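Student: Would you mind keeping the following structure in view while I ask a few things?
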Amino acid sequence: MKSPLFSIIIPTRNRYHTLEFALKSALNQDFEDFEVVVADNSDPDYPMPESMESLLQHPKVVYRRSERILAMSENWEFAYGLASGQYLSYTGDDDGLL
C-alpha cells in the first residue's frame with residue numbers, strides 16, 4: 001500500500017471532548033492523500049465516548065493507545081513512529097484544521 005503524502009498527527013491525553021472536533025476537522029480535508037494519526041495517552045480508566053469510537057474506525061485514521069502513561073514529549077515521539085506520510089503535521093487535540 002502506498003504511503004500517504006501527509007500525516008496529520010494528533011497526540012492526546014484525557015481530552016476526548018476536544019479531540020472529537022479536532023479529528024473531525026482533520027478528516028474534513030478537500031484532498032485525499034492523507035492519514036490522521038491519533039496517539040492516545042489517556043489514563044486507563046478514562047472513558048471514551050461512543051461517538052469517538054466510531055470516528056477512530058474511519059479508514060484514514062491510525063489510532064493507538066499507549067501501553068503506559070507517557071510524558072508529553074514521549075507521546076509525541078510515539079505518534080511520530082506511527083506516521084507513514086512523506087510530510088508530517090502536528091496539531092493539538094483542541095485545535096482545528098481548515
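Numbering starts fresh at 1 for the residues of each chain in the C-alpha cells, the chains themselves are lettered A, B, ... in the order given, and ligands are numbered from 1 as they appear.
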As a count of residues only, list the residues of chain A assigned to strand (DSSP E) by DSSP on the backbone atoms of this structure.

Tutor: 23

Student: Do a neighbour search on Asn41 of chain A at 10 Å with only C-alpha atoms, toss out local chain neighbours closer than 2 positions, and write the hits as number ranges by chain.

Tutor: A: 11-15, 38-39, 43-44, 64-72, 74-76, 78-79

Student: Neighbours of Ala22 of chain A within 6 Å (only C-alpha atoms; same-chain residues fewer than 6 positions away dropped), as an NGL selection string?

Tutor: :A and (93 or 95-96)

Student: Kindly export the residues of the current selection with N, CA, C and O atoms, as an mmCIF file, in the first residue's frame.

Tutor:
data_model
loop_
_atom_site.group_PDB
_atom_site.id
_atom_site.type_symbol
_atom_site.label_atom_id
_atom_site.label_comp_id
_atom_site.auth_asym_id
_atom_site.auth_seq_id
_atom_site.Cartn_x
_atom_site.Cartn_y
_atom_site.Cartn_z
ATOM 1 N N ASP A 93 -4.937 18.507 20.233
ATOM 2 C CA ASP A 93 -6.236 17.841 20.326
ATOM 3 C C ASP A 93 -7.355 18.825 20.624
ATOM 4 O O ASP A 93 -8.513 18.455 20.666
ATOM 5 N N ASP A 95 -7.385 21.798 18.751
ATOM 6 C CA ASP A 95 -7.281 22.689 17.594
ATOM 7 C C ASP A 95 -8.086 22.120 16.421
ATOM 8 O O ASP A 95 -8.480 20.967 16.431
ATOM 9 N N GLY A 96 -8.283 22.936 15.426
ATOM 10 C CA GLY A 96 -8.965 22.503 14.212
ATOM 11 C C GLY A 96 -8.160 22.872 12.982
ATOM 12 O O GLY A 96 -7.306 23.757 13.036
#

Student: Pick out each residue of segment 24-61 of chain A that DSSP on the backbone tags as helix (DSSP H, G or I); I need them as number ranges by chain.

Tutor: A: 24-27, 50-55
